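With compact mmCIF, N, CA and C atoms inside, this is model-v7.txt:
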```txt
# COMPACT_ATOMS: atom_id res chain seq x y z
N MET A 1 -28.18 14.59 16.02
CA MET A 1 -26.96 15.35 15.81
C MET A 1 -25.84 14.72 16.64
N ALA A 2 -24.63 14.72 16.11
CA ALA A 2 -23.47 14.18 16.79
C ALA A 2 -23.18 15.00 18.04
N ALA A 3 -22.57 14.34 19.05
CA ALA A 3 -22.26 15.01 20.31
C ALA A 3 -21.13 16.03 20.15
N LEU A 4 -20.11 15.67 19.40
CA LEU A 4 -18.98 16.55 19.18
C LEU A 4 -19.05 17.13 17.77
N PRO A 5 -18.44 18.29 17.56
CA PRO A 5 -18.46 18.85 16.21
C PRO A 5 -17.80 17.91 15.20
N THR A 6 -18.42 17.81 14.05
CA THR A 6 -17.82 17.06 12.95
C THR A 6 -17.31 18.01 11.87
N HIS A 7 -17.80 19.24 11.88
CA HIS A 7 -17.41 20.26 10.91
C HIS A 7 -17.50 21.62 11.58
N ILE A 8 -16.61 22.52 11.12
CA ILE A 8 -16.63 23.91 11.57
C ILE A 8 -16.99 24.76 10.35
N ALA A 9 -17.91 25.69 10.52
CA ALA A 9 -18.26 26.62 9.43
C ALA A 9 -17.59 27.97 9.70
N ASP A 10 -17.06 28.56 8.65
CA ASP A 10 -16.59 29.93 8.80
C ASP A 10 -17.71 30.87 8.36
N ALA A 11 -17.48 32.16 8.45
CA ALA A 11 -18.52 33.14 8.15
C ALA A 11 -19.00 33.04 6.71
N CYS A 12 -18.08 32.90 5.76
CA CYS A 12 -18.52 32.90 4.36
C CYS A 12 -19.35 31.66 4.03
N ALA A 13 -19.06 30.54 4.67
CA ALA A 13 -19.88 29.34 4.46
C ALA A 13 -21.28 29.55 5.02
N ALA A 14 -21.36 30.15 6.20
CA ALA A 14 -22.67 30.40 6.82
C ALA A 14 -23.48 31.40 5.99
N ILE A 15 -22.81 32.41 5.46
CA ILE A 15 -23.50 33.39 4.62
C ILE A 15 -24.01 32.71 3.35
N ALA A 16 -23.19 31.86 2.75
CA ALA A 16 -23.61 31.13 1.55
C ALA A 16 -24.84 30.28 1.83
N LEU A 17 -24.87 29.66 3.00
CA LEU A 17 -26.03 28.83 3.37
C LEU A 17 -27.29 29.69 3.47
N VAL A 18 -27.20 30.78 4.19
CA VAL A 18 -28.37 31.63 4.41
C VAL A 18 -28.86 32.26 3.11
N LYS A 19 -27.92 32.71 2.28
CA LYS A 19 -28.29 33.39 1.04
C LYS A 19 -28.60 32.42 -0.10
N GLY A 20 -28.30 31.14 0.08
CA GLY A 20 -28.48 30.18 -1.00
C GLY A 20 -27.49 30.39 -2.13
N GLU A 21 -26.32 30.91 -1.80
CA GLU A 21 -25.29 31.16 -2.80
C GLU A 21 -24.70 29.84 -3.30
N PRO A 22 -24.01 29.90 -4.45
CA PRO A 22 -23.34 28.69 -4.92
C PRO A 22 -22.46 28.09 -3.82
N GLY A 23 -22.55 26.80 -3.66
CA GLY A 23 -21.83 26.10 -2.62
C GLY A 23 -22.68 25.77 -1.41
N HIS A 24 -23.84 26.41 -1.29
CA HIS A 24 -24.69 26.12 -0.13
C HIS A 24 -25.13 24.66 -0.13
N GLU A 25 -25.14 24.02 -1.31
CA GLU A 25 -25.55 22.62 -1.39
C GLU A 25 -24.59 21.71 -0.60
N ILE A 26 -23.34 22.09 -0.57
CA ILE A 26 -22.35 21.31 0.18
C ILE A 26 -22.71 21.33 1.66
N ILE A 27 -22.96 22.52 2.17
CA ILE A 27 -23.30 22.66 3.60
C ILE A 27 -24.63 21.98 3.89
N THR A 28 -25.60 22.16 3.01
CA THR A 28 -26.91 21.53 3.20
C THR A 28 -26.77 20.02 3.26
N GLY A 29 -25.93 19.46 2.41
CA GLY A 29 -25.70 18.02 2.42
C GLY A 29 -25.06 17.55 3.71
N ILE A 30 -24.11 18.31 4.21
CA ILE A 30 -23.47 17.95 5.49
C ILE A 30 -24.49 18.01 6.61
N LEU A 31 -25.30 19.06 6.61
CA LEU A 31 -26.31 19.22 7.67
C LEU A 31 -27.40 18.16 7.60
N ALA A 32 -27.66 17.62 6.41
CA ALA A 32 -28.73 16.62 6.24
C ALA A 32 -28.38 15.28 6.88
N ASP A 33 -27.11 15.06 7.12
CA ASP A 33 -26.66 13.79 7.72
C ASP A 33 -26.70 13.94 9.24
N ASP A 34 -27.57 13.17 9.89
CA ASP A 34 -27.73 13.26 11.35
C ASP A 34 -26.46 12.93 12.13
N ARG A 35 -25.51 12.30 11.49
CA ARG A 35 -24.25 11.99 12.17
C ARG A 35 -23.36 13.22 12.30
N ASN A 36 -23.70 14.28 11.58
CA ASN A 36 -22.87 15.49 11.57
C ASN A 36 -23.39 16.54 12.54
N ALA A 37 -22.46 17.30 13.06
CA ALA A 37 -22.77 18.46 13.90
C ALA A 37 -21.86 19.59 13.43
N VAL A 38 -22.46 20.63 12.89
CA VAL A 38 -21.70 21.78 12.39
C VAL A 38 -21.75 22.88 13.44
N VAL A 39 -20.59 23.42 13.75
CA VAL A 39 -20.53 24.52 14.71
C VAL A 39 -19.86 25.72 14.06
N ILE A 40 -20.15 26.88 14.59
CA ILE A 40 -19.54 28.13 14.17
C ILE A 40 -19.17 28.89 15.43
N HIS A 41 -17.97 29.44 15.46
CA HIS A 41 -17.56 30.21 16.64
C HIS A 41 -18.35 31.52 16.68
N ARG A 42 -18.61 31.99 17.86
CA ARG A 42 -19.38 33.22 18.04
C ARG A 42 -18.72 34.41 17.31
N VAL A 43 -17.41 34.44 17.23
CA VAL A 43 -16.72 35.51 16.50
C VAL A 43 -17.09 35.44 15.02
N ASN A 44 -17.11 34.24 14.46
CA ASN A 44 -17.48 34.08 13.05
C ASN A 44 -18.96 34.36 12.84
N PHE A 45 -19.78 33.97 13.81
CA PHE A 45 -21.20 34.33 13.72
C PHE A 45 -21.36 35.85 13.73
N CYS A 46 -20.56 36.55 14.52
CA CYS A 46 -20.61 38.02 14.54
C CYS A 46 -20.32 38.58 13.16
N GLU A 47 -19.35 37.98 12.44
CA GLU A 47 -19.05 38.41 11.07
C GLU A 47 -20.28 38.25 10.18
N VAL A 48 -20.99 37.13 10.33
CA VAL A 48 -22.19 36.88 9.53
C VAL A 48 -23.25 37.93 9.86
N TYR A 49 -23.47 38.14 11.14
CA TYR A 49 -24.51 39.07 11.58
C TYR A 49 -24.23 40.48 11.08
N TYR A 50 -22.98 40.95 11.23
CA TYR A 50 -22.72 42.32 10.79
C TYR A 50 -22.74 42.44 9.28
N ASP A 51 -22.43 41.35 8.56
CA ASP A 51 -22.54 41.39 7.10
C ASP A 51 -23.99 41.65 6.68
N PHE A 52 -24.92 40.90 7.29
CA PHE A 52 -26.34 41.10 6.97
C PHE A 52 -26.85 42.43 7.51
N LEU A 53 -26.42 42.81 8.69
CA LEU A 53 -26.85 44.08 9.28
C LEU A 53 -26.42 45.26 8.40
N ARG A 54 -25.19 45.22 7.93
CA ARG A 54 -24.65 46.29 7.09
C ARG A 54 -25.35 46.34 5.73
N SER A 55 -25.56 45.18 5.12
CA SER A 55 -26.09 45.17 3.75
C SER A 55 -27.61 45.16 3.68
N ASP A 56 -28.28 44.57 4.67
CA ASP A 56 -29.72 44.35 4.55
C ASP A 56 -30.56 44.85 5.72
N GLY A 57 -29.92 45.27 6.81
CA GLY A 57 -30.66 45.79 7.94
C GLY A 57 -30.88 44.78 9.05
N ALA A 58 -31.41 45.29 10.16
CA ALA A 58 -31.56 44.50 11.39
C ALA A 58 -32.50 43.32 11.24
N GLU A 59 -33.60 43.50 10.54
CA GLU A 59 -34.58 42.42 10.41
C GLU A 59 -33.98 41.22 9.67
N VAL A 60 -33.28 41.48 8.61
CA VAL A 60 -32.65 40.40 7.84
C VAL A 60 -31.52 39.77 8.65
N ALA A 61 -30.76 40.57 9.39
CA ALA A 61 -29.70 40.03 10.25
C ALA A 61 -30.28 39.10 11.30
N GLU A 62 -31.41 39.47 11.89
CA GLU A 62 -32.06 38.61 12.88
C GLU A 62 -32.57 37.31 12.24
N GLU A 63 -33.10 37.41 11.03
CA GLU A 63 -33.55 36.20 10.32
C GLU A 63 -32.36 35.28 10.03
N ALA A 64 -31.23 35.86 9.63
CA ALA A 64 -30.01 35.06 9.41
C ALA A 64 -29.58 34.37 10.70
N HIS A 65 -29.68 35.08 11.81
CA HIS A 65 -29.35 34.50 13.11
C HIS A 65 -30.23 33.29 13.39
N ARG A 66 -31.53 33.44 13.19
CA ARG A 66 -32.46 32.33 13.43
C ARG A 66 -32.15 31.14 12.53
N LYS A 67 -31.86 31.41 11.25
CA LYS A 67 -31.57 30.32 10.31
C LYS A 67 -30.31 29.57 10.70
N ILE A 68 -29.28 30.30 11.08
CA ILE A 68 -28.03 29.64 11.46
C ILE A 68 -28.21 28.86 12.75
N GLN A 69 -28.84 29.47 13.72
CA GLN A 69 -29.04 28.83 15.01
C GLN A 69 -29.89 27.56 14.89
N ALA A 70 -30.75 27.49 13.89
CA ALA A 70 -31.60 26.31 13.70
C ALA A 70 -30.80 25.10 13.20
N VAL A 71 -29.67 25.34 12.55
CA VAL A 71 -28.94 24.22 11.95
C VAL A 71 -27.51 24.06 12.44
N MET A 72 -26.97 25.06 13.10
CA MET A 72 -25.60 25.02 13.61
C MET A 72 -25.61 25.39 15.09
N THR A 73 -24.57 24.97 15.77
CA THR A 73 -24.38 25.39 17.15
C THR A 73 -23.37 26.53 17.15
N ILE A 74 -23.75 27.63 17.75
CA ILE A 74 -22.85 28.77 17.90
C ILE A 74 -22.11 28.56 19.21
N VAL A 75 -20.78 28.48 19.14
CA VAL A 75 -20.01 28.13 20.33
C VAL A 75 -19.10 29.27 20.77
N ASP A 76 -18.85 29.29 22.05
CA ASP A 76 -17.85 30.17 22.66
C ASP A 76 -16.74 29.27 23.17
N VAL A 77 -15.63 29.28 22.50
CA VAL A 77 -14.46 28.56 23.01
C VAL A 77 -13.52 29.62 23.52
N GLU A 78 -13.22 29.53 24.77
CA GLU A 78 -12.40 30.54 25.40
C GLU A 78 -11.23 29.87 26.10
N GLY A 79 -10.60 30.58 26.94
CA GLY A 79 -9.47 30.06 27.68
C GLY A 79 -8.16 30.45 27.01
N ASP A 80 -7.15 30.51 27.82
CA ASP A 80 -5.85 30.97 27.34
C ASP A 80 -5.30 30.07 26.23
N ASN A 81 -5.42 28.77 26.38
CA ASN A 81 -4.85 27.87 25.37
C ASN A 81 -5.51 28.05 24.02
N PHE A 82 -6.84 28.20 24.01
CA PHE A 82 -7.52 28.40 22.73
C PHE A 82 -7.13 29.75 22.13
N LEU A 83 -7.09 30.79 22.94
CA LEU A 83 -6.73 32.10 22.42
C LEU A 83 -5.29 32.14 21.92
N LYS A 84 -4.41 31.39 22.54
CA LYS A 84 -3.03 31.27 22.04
C LYS A 84 -3.02 30.55 20.69
N ARG A 85 -3.89 29.56 20.54
CA ARG A 85 -4.01 28.85 19.26
C ARG A 85 -4.48 29.83 18.17
N VAL A 86 -5.48 30.65 18.50
CA VAL A 86 -5.96 31.67 17.55
C VAL A 86 -4.81 32.61 17.18
N ALA A 87 -4.06 33.04 18.16
CA ALA A 87 -2.94 33.96 17.91
C ALA A 87 -1.90 33.33 16.99
N ARG A 88 -1.64 32.03 17.16
CA ARG A 88 -0.68 31.35 16.27
C ARG A 88 -1.16 31.38 14.82
N TRP A 89 -2.48 31.21 14.62
CA TRP A 89 -3.04 31.30 13.26
C TRP A 89 -2.95 32.74 12.75
N LYS A 90 -3.22 33.69 13.62
CA LYS A 90 -3.24 35.10 13.23
C LYS A 90 -1.87 35.57 12.75
N VAL A 91 -0.81 35.13 13.40
CA VAL A 91 0.53 35.60 13.02
C VAL A 91 1.25 34.68 12.05
N GLY A 92 0.64 33.55 11.71
CA GLY A 92 1.25 32.67 10.72
C GLY A 92 2.13 31.57 11.28
N HIS A 93 2.08 31.32 12.58
CA HIS A 93 2.88 30.24 13.15
C HIS A 93 2.22 28.88 12.96
N ALA A 94 0.90 28.83 12.92
CA ALA A 94 0.20 27.55 12.76
C ALA A 94 0.36 27.02 11.34
N CYS A 95 0.42 27.92 10.39
CA CYS A 95 0.66 27.58 8.98
C CYS A 95 1.80 28.49 8.53
N PRO A 96 3.03 28.03 8.67
CA PRO A 96 4.20 28.90 8.46
C PRO A 96 4.13 29.71 7.18
N GLY A 97 4.33 31.01 7.37
CA GLY A 97 4.34 31.93 6.24
C GLY A 97 2.98 32.39 5.78
N HIS A 98 1.93 31.97 6.47
CA HIS A 98 0.58 32.37 6.04
C HIS A 98 -0.25 32.82 7.24
N ALA A 99 -0.30 34.12 7.46
CA ALA A 99 -1.10 34.69 8.55
C ALA A 99 -2.54 34.85 8.08
N LEU A 100 -3.47 34.68 9.00
CA LEU A 100 -4.90 34.83 8.70
C LEU A 100 -5.46 36.06 9.40
N GLY A 101 -6.56 36.57 8.88
CA GLY A 101 -7.32 37.60 9.58
C GLY A 101 -7.89 37.02 10.86
N ILE A 102 -8.30 37.87 11.76
CA ILE A 102 -8.72 37.39 13.09
C ILE A 102 -9.94 36.46 13.01
N GLY A 103 -10.92 36.76 12.17
CA GLY A 103 -12.08 35.87 12.05
C GLY A 103 -11.68 34.50 11.51
N ASP A 104 -10.87 34.50 10.45
CA ASP A 104 -10.39 33.23 9.89
C ASP A 104 -9.54 32.47 10.90
N ALA A 105 -8.77 33.20 11.71
CA ALA A 105 -7.94 32.55 12.73
C ALA A 105 -8.80 31.83 13.76
N PHE A 106 -9.93 32.42 14.15
CA PHE A 106 -10.84 31.75 15.08
C PHE A 106 -11.40 30.48 14.45
N ALA A 107 -11.83 30.55 13.19
CA ALA A 107 -12.38 29.38 12.52
C ALA A 107 -11.34 28.27 12.38
N ALA A 108 -10.13 28.63 11.96
CA ALA A 108 -9.07 27.64 11.79
C ALA A 108 -8.68 27.02 13.12
N ALA A 109 -8.58 27.84 14.15
CA ALA A 109 -8.23 27.32 15.48
C ALA A 109 -9.28 26.36 16.00
N LEU A 110 -10.54 26.66 15.74
CA LEU A 110 -11.62 25.78 16.18
C LEU A 110 -11.57 24.45 15.42
N ALA A 111 -11.30 24.50 14.12
CA ALA A 111 -11.16 23.27 13.34
C ALA A 111 -9.97 22.46 13.83
N GLU A 112 -8.88 23.13 14.13
CA GLU A 112 -7.71 22.43 14.65
C GLU A 112 -8.00 21.83 16.02
N GLU A 113 -8.64 22.59 16.87
CA GLU A 113 -8.97 22.14 18.23
C GLU A 113 -9.80 20.86 18.20
N HIS A 114 -10.75 20.78 17.28
CA HIS A 114 -11.65 19.62 17.21
C HIS A 114 -11.23 18.59 16.17
N ALA A 115 -10.13 18.86 15.47
CA ALA A 115 -9.61 17.95 14.45
C ALA A 115 -10.71 17.55 13.47
N CYS A 116 -11.42 18.56 12.97
CA CYS A 116 -12.46 18.30 11.99
C CYS A 116 -12.38 19.34 10.87
N PRO A 117 -13.01 19.06 9.73
CA PRO A 117 -12.89 19.95 8.58
C PRO A 117 -13.51 21.33 8.81
N LEU A 118 -12.89 22.31 8.18
CA LEU A 118 -13.42 23.66 8.13
C LEU A 118 -14.16 23.82 6.81
N ILE A 119 -15.41 24.21 6.87
CA ILE A 119 -16.20 24.46 5.66
C ILE A 119 -16.03 25.94 5.31
N THR A 120 -15.60 26.21 4.08
CA THR A 120 -15.34 27.58 3.67
C THR A 120 -15.48 27.75 2.17
N LYS A 121 -15.68 28.99 1.76
CA LYS A 121 -15.63 29.40 0.35
C LYS A 121 -14.40 30.26 0.10
N ASP A 122 -13.66 30.54 1.15
CA ASP A 122 -12.59 31.53 1.13
C ASP A 122 -11.29 30.93 0.60
N HIS A 123 -11.24 30.74 -0.72
CA HIS A 123 -10.07 30.13 -1.36
C HIS A 123 -8.81 30.95 -1.13
N GLY A 124 -8.90 32.25 -1.22
CA GLY A 124 -7.73 33.10 -1.09
C GLY A 124 -7.00 32.92 0.22
N HIS A 125 -7.75 32.76 1.29
CA HIS A 125 -7.12 32.63 2.61
C HIS A 125 -6.81 31.19 2.98
N PHE A 126 -7.59 30.23 2.48
CA PHE A 126 -7.43 28.87 2.98
C PHE A 126 -6.78 27.88 2.01
N GLU A 127 -6.56 28.26 0.75
CA GLU A 127 -5.83 27.34 -0.13
C GLU A 127 -4.42 27.07 0.38
N PRO A 128 -3.68 28.09 0.86
CA PRO A 128 -2.36 27.79 1.42
C PRO A 128 -2.43 26.88 2.66
N VAL A 129 -3.48 27.02 3.45
CA VAL A 129 -3.66 26.18 4.63
C VAL A 129 -3.90 24.73 4.19
N GLU A 130 -4.74 24.56 3.19
CA GLU A 130 -5.00 23.22 2.68
C GLU A 130 -3.74 22.61 2.09
N ALA A 131 -2.98 23.40 1.33
CA ALA A 131 -1.75 22.90 0.72
C ALA A 131 -0.74 22.46 1.77
N ALA A 132 -0.70 23.16 2.89
CA ALA A 132 0.22 22.81 3.98
C ALA A 132 -0.30 21.63 4.81
N GLN A 133 -1.53 21.22 4.57
CA GLN A 133 -2.17 20.09 5.27
C GLN A 133 -2.17 20.28 6.79
N VAL A 134 -2.42 21.51 7.21
CA VAL A 134 -2.46 21.82 8.63
C VAL A 134 -3.83 21.44 9.20
N ILE A 135 -4.89 21.79 8.50
CA ILE A 135 -6.24 21.37 8.83
C ILE A 135 -6.92 20.93 7.53
N GLN A 136 -7.98 20.15 7.69
CA GLN A 136 -8.72 19.70 6.52
C GLN A 136 -9.74 20.77 6.13
N ILE A 137 -9.87 21.00 4.83
CA ILE A 137 -10.81 21.99 4.30
C ILE A 137 -11.87 21.28 3.50
N THR A 138 -13.13 21.64 3.72
CA THR A 138 -14.24 21.23 2.86
C THR A 138 -14.67 22.48 2.12
N TRP A 139 -14.49 22.45 0.81
CA TRP A 139 -14.82 23.63 -0.01
C TRP A 139 -16.29 23.64 -0.38
N CYS A 140 -16.88 24.79 -0.28
CA CYS A 140 -18.19 25.00 -0.88
C CYS A 140 -17.95 26.06 -1.95
N PRO A 141 -17.62 25.56 -3.16
CA PRO A 141 -17.11 26.43 -4.23
C PRO A 141 -18.01 27.60 -4.60
```

Translate the structure described by the file into structure tokens.
Amino acid sequence: MAALPTHIADACAAIALVKGEPGHEIITGILADDRNAVVIHRVNFCEVYYDFLRSDGAEVAEEAHRKIQAVMTIVDVEGDNFLKRVARWKVGHACPGHALGIGDAFAAALAEEHACPLITKDHGHFEPVEAAQVIQITWCP
């Protein structure tokens, strides 16, 4: 696995991977290359966990945790500068005129911080970001 992140996964990409939803092949292909290192912020992992906990219960949520942890690194990026970066995404300053939800803001800020692609299925929130060429998006359709 690469030392630095090569890709950032958001919650919907991680959920697609665990559930085998359409688009999971994109993530699987990225993960199959030993030169790649996919990370997910702990906030986005929390979104994944509560999605499974709410819909399928604690046992399935724990299994999703194990599956994600086996192939991705769950990271805590903190500090004032990173949180200010998240805030800029949240209010629409990082991508003028397009504010993101807090989970998406963490994912976008992490991709920006590491200058690597964000893997997502969330066309509604990230198509404007891709069009503005603020960060690179890898779609898992």

Quiz item: atom N of A:Leu100 and atom N of A:Glu127 are how many Å apart?
Solution: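 Value for the atom N of A:Leu100-atom N of A:Glu127 distance: 10.9 Å.
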
Practice problem: Within 10 Å of A:Pro141, counting only C-alpha atoms, which residues show up once you throw out same-chain ones fewer than 6 positions away? Write them as a PyMOL selection string, please. | Solution: chain A and resi 13+16+21-26+120-123

Practice problem: Find, counting all atoms listed in the file, the residue in A:Ala99, A:Leu4, A:Ala9, A:Ala70 that gets nearest to A:Leu118. | Solution: A:Ala9

Self-check item: Who sits within 8 Å of A:Ala94, only N, CA and C atoms, same chain under 3 positions skipped, as a PyMOL selection string
Solution: chain A and resi 85+87-91+97-99+129+134-135

Practice problem: State, in Å with one decimal place, the distance from atom CA of A:Ile40 to atom CA of A:Ile74. | Solution: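 About the pair atom CA of A:Ile40 and atom CA of A:Ile74: they are 5.0 Å apart.
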
Quiz item: What gap, in Å, lies between atom C of A:His41 and atom N of A:Thr138?
Solution: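 Rounded to one decimal, the two atoms are 17.1 Å apart.
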
Quiz prompt | Nearest candidate to A:Ala107 (options A:Asp33, A:Glu47, A:Glu62, A:Asp80; using only C-alpha atoms) | solution =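 Comparing A:Asp33, A:Glu47, A:Glu62, A:Asp80 against A:Ala107, the winner is A:Glu47.
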
Self-check item: Residue contacts of A:Ala108 (7 Å, only N, CA and C atoms) excluding same-chain residues fewer than 5 positions away, as a ChimeraX atom specification
Solution: /A:86,103,113,118

Exercise. Step by step: start from the point (-12.5, 19.8, 9.5) in the file's coordinates, keep every protein, DNA or RNA residue that has an atom no farther than 6 Å from it, count only N, CA and C atoms, and write the set as JSON, numbers by chain.
Key: {"A": [6, 7, 8, 111, 115, 116, 117, 118, 119, 136, 137]}

Quiz prompt | Top pick for closest residue to A:Val43, considering A:Glu59, A:Glu112, A:Asp76, A:Glu130 and counting all atoms listed in the file | solution = A:Asp76

Quiz item: Running DSSP on the backbone, which parts of stretch 15-88 of chain A land in alpha helix (DSSP H), as number ranges by chain?
Solution: A: 15-19, 24-32, 42-56, 58-71, 80-88

Quiz item: Quick one: of A:Asn44, A:Cys95, A:Phe52, A:Ile30, who's nearest to A:Cys12, counting all atoms listed in the file?
Solution: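 Using all atoms listed in the file, the shortest distance to A:Cys12 belongs to A:Asn44.
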
Quiz item: Pick from A:Ile27, A:Ala32, A:Lys19, A:Val77: nearest to A:Ala64, with only N, CA and C atoms counted?
Solution: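 Checking each of A:Ile27, A:Ala32, A:Lys19, A:Val77 against A:Ala64, counting only N, CA and C atoms, the winner is A:Lys19.
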
Quiz item: Running DSSP on the backbone, which parts of stretch 4-119 of chain A land in strand (DSSP E), as a list in words?
Solution: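 For stretch 4-119 of chain A, the strand (DSSP E) set is His7, Ile8, Ala9, Val38, Val39, Ile40, His41, Thr73, Ile74, Val75, Leu118 and Ile119 of chain A.
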
Practice problem: Tell me which of A:Arg42, A:Ser55, A:Ala109, A:Gln133 sits closest to A:Thr73, counting all atoms listed in the file. | Solution: A:Arg42

Practice problem: Pick out the residues sitting within 10 Å of A:Ile68, and hand them over as number ranges by chain; count only C-alpha atoms, and ignore anything fewer than 6 positions along from it in its own chain. | Solution: A: 14-15, 17-18, 39-40, 45, 48, 62, 74
